[in-house]
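Peer 1: Here it is: the structure, laid out below.
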Amino acid sequence: MLGLPFSFAYHFAPDQLDQALSIYRSSFRPSILLESPKVMVAVSVICATTNDEAAWLSGSTALSILQRRTGHIGLLASPKEAEDYPFTAADQAIIEDALASHVIGDPTTVRDGLLTLQERTSADELMLSTRTHSYEARHRRFPWSPRHGALRLQRAVDRPGAPSRPRRKPRR
């Protein structure tokens with residue numbers, strides 16, 4: 001590799017994540033820009049007050065995934081439209097497979113899911129992406145937005161008993 005940072009969209013190609021990170025890290029060569037590998041993993045997140053509410057909000061994404069896979073691309077449906085959609089068992093299988101790489105839930109569930117992903121990948125950064133039916137819903141539903149205060153993810157290396165690893169200087 002060219003000694004550059006690497007970013008991977010986990011929610012687009014979850015089955016390729018581990019292999020891609022392994023290849024990047026094993027092929028990395030230091031450069032003037034970067035002495036060691038630096039990884040960012042992008043992940044789709046929907047967070048709400050409760051797990052049930054987050055699951056309901058994710059209905060828009062679920063229906064969008066199904067529509068894209070069946071060639072019926074349109075506007076992102078509301079959660080109510082998704083709730084009323086007559087999903088078949090085959091549709092549900094497609095959706096469950098696609099959403100398996102998304103982190104959906106209340107703040108604790110989301111935090112735990114993100115920590116698990118970070119621990120699994122040893123990512124230096126996580127980029128969070130969300131799709132909801134409206135800007136207002138997205139802003140209102142992110143409890144770690146400036147309006148609600150920050151959600152702090154404590155990296156595995158920062159927790160007691162975790163393996164030590166040199167800390168990187170924070171970017172400013």
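By convention here, the chains of the structure tokens are called A, B, ... in the order presented, each chain's residues are numbered starting at 1, and ligands are numbered starting at 1 in the order presented.
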Which residues come within 12 Å of Asp84 (chain A), counting only C-alpha atoms, excluding same-chain residues fewer than 4 positions away, as a VMD selection string?
Peer 2: chain A and resid 56 59 to 60 63 77 to 80
Peer 1: Where in region 53-141 of chain A does DSSP assign alpha helix (DSSP H), given as a PyMOL selection string?
Peer 2: chain A and resi 53-57+59-69+79-84+89-99+107-121+135-141
Peer 1: Check the smallest atom-to-atom distance from each of A:Arg120, A:Arg29, A:His133, A:Lys38 to Thr61 (chain A) using only C-alpha atoms, then report the winner.
Peer 2: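 Comparing A:Arg120, A:Arg29, A:His133, A:Lys38 against Thr61 (chain A), the winner is A:His133.
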Peer 1: Region 28-159 of chain A: which residues are strand (DSSP E or B) by DSSP, as a PyMOL selection string?
Peer 2: chain A and resi 39-47+103-105+125-129
Peer 1: Between A:Val39, A:Cys47, A:Ala54, A:Ala90, single out the one closest to Ile23 (chain A), counting only C-alpha atoms.
Peer 2: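 Answer, going by the shortest atom-to-atom distance: A:Val39.
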Peer 1: Where does region 22-81 of chain A meet region 91-115 of chain A within 7 Å, residue by residue, with the nearest atom pair and distance in Å to one decimal for each, counting only C-alpha atoms, listed by chain and rising number, as a tab-separated table?
Peer 2:
residue	atom	partner	partner_atom	distance
A:Val43	CA	A:His102	CA	6.4
A:Ser44	CA	A:His102	CA	5.0
A:Val45	CA	A:Val103	CA	4.8
A:Ile46	CA	A:Ile104	CA	4.8
A:Cys47	CA	A:Gly105	CA	5.2
A:Ala48	CA	A:Asp106	CA	5.1
A:Thr49	CA	A:Asp106	CA	5.2
A:Thr50	CA	A:Asp106	CA	4.6
A:Asn51	CA	A:Gly105	CA	4.2
A:Ala54	CA	A:Gly105	CA	5.0
A:Ala55	CA	A:Ile104	CA	6.6
A:Ala62	CA	A:Ile95	CA	5.7
A:Ile65	CA	A:Ile95	CA	6.8
A:Leu66	CA	A:Ile95	CA	6.6
